[in-house]
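S.K.: The structure's right below; bear with me while I get my questions together.
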Amino acid sequence: MKSEIILLTEKLVAFRDERDWGQFHNPKDLAAALSIEASELLECWLWKKPEDAEMAKVREELADVFAYALLLADRCGLDVKEIVQEKIAKNELKYPVTKAKGNARKYNEL
């Protein structure tokens with residue numbers, strides 16, 4: 001049975017391929033698009049209190065961020081589940097609960 005991540009990625013790739021956009025989706029441009037969409041997500045809170053962001057816009061921009069991240073991982077041949085699990089394991093070592101709990105400092109400042 002395919003994971004939800006794989007199914008989403010396949011749907012995104014099919015959408016892209018139906019429009020012949022794969023030719024534009026090299027890793028550099030996908031990373032740029034991801035960064036731009038992340039900035040548009042951040043813009044939802046610009047000059048506002050955190051609770052005043054328009055959630056419909058947040059949903060739309062966050063979906064764009066996820067879509068480009070999934071397409072980038074696919075283009076680079078990366079397994080999303082695997083790389084996220086690896087990152088969590090690394091962060092568990094860098095940020096042990098005994099030092100990091102309730103603390104927002106970077107790992108080298110704990």
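Residues in the structure tokens are numbered from 1 in each chain, the chains being A, B, ... in the order shown, and ligands are numbered from 1 in the order shown.
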Could you tell me, as JSON, numbers by chain, which residues of chain A DSSP assigns to alpha helix (DSSP H) when given the backbone?
M.R.: {"A": [4, 5, 6, 7, 8, 9, 10, 11, 12, 13, 14, 15, 16, 17, 18, 27, 28, 29, 30, 31, 32, 33, 34, 35, 36, 37, 38, 39, 40, 41, 42, 43, 55, 56, 57, 58, 59, 60, 61, 62, 63, 64, 65, 66, 67, 68, 69, 70, 71, 72, 73, 74, 75, 80, 81, 82, 83, 84, 85, 86, 87, 88, 89, 90, 91, 92, 93, 94, 97, 98, 99, 100]}
S.K.: Could you please determine the separation between CA of Glu60 (chain A) and CA of Glu40 (chain A) in Å, to one decimal place?
M.R.: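 Distance reported for this atom pair: 9.8 Å.
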S.K.: Return the single residue from A:Leu46, A:Ala56, A:Ala69, A:Ala100 that is closest to Pro27 (chain A), with distances computed using only C-alpha atoms.
M.R.: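 For Pro27 (chain A), the nearest of the given residues is A:Ala69.
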S.K.: What does the distance from CA of Glu61 (chain A) to CA of Ile36 (chain A) come to in Å, to one decimal?
M.R.: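 Taking CA of Glu61 (chain A) and CA of Ile36 (chain A), their separation equals 10.0 Å.
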S.K.: Give the answer as one residue: which of A:Glu54, A:Glu109, A:Asp29, A:Asp17 has the shortest atom-to-atom distance to Leu41 (chain A), using only C-alpha atoms?
M.R.: A:Glu54
S.K.: Kindly give the distance, in Å, that separates CA of Ala104 (chain A) and CA of Cys44 (chain A), rounded to a single decimal.
M.R.: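 CA of Cys44 (chain A) lies at a distance of 23.2 Å from CA of Ala104 (chain A).
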S.K.: Please determine, counting only C-alpha atoms, which residue among A:Ala53, A:Ser39, A:Lys81, A:Trp47 has the shortest atom-to-atom distance to Val65 (chain A).
M.R.: A:Ser39
S.K.: Return the single residue from A:Thr9, A:Arg105, A:Arg59, A:Lys2 that is closest to Val80 (chain A), with distances computed using only C-alpha atoms.
M.R.: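 The closest residue to Val80 (chain A) is A:Thr9.
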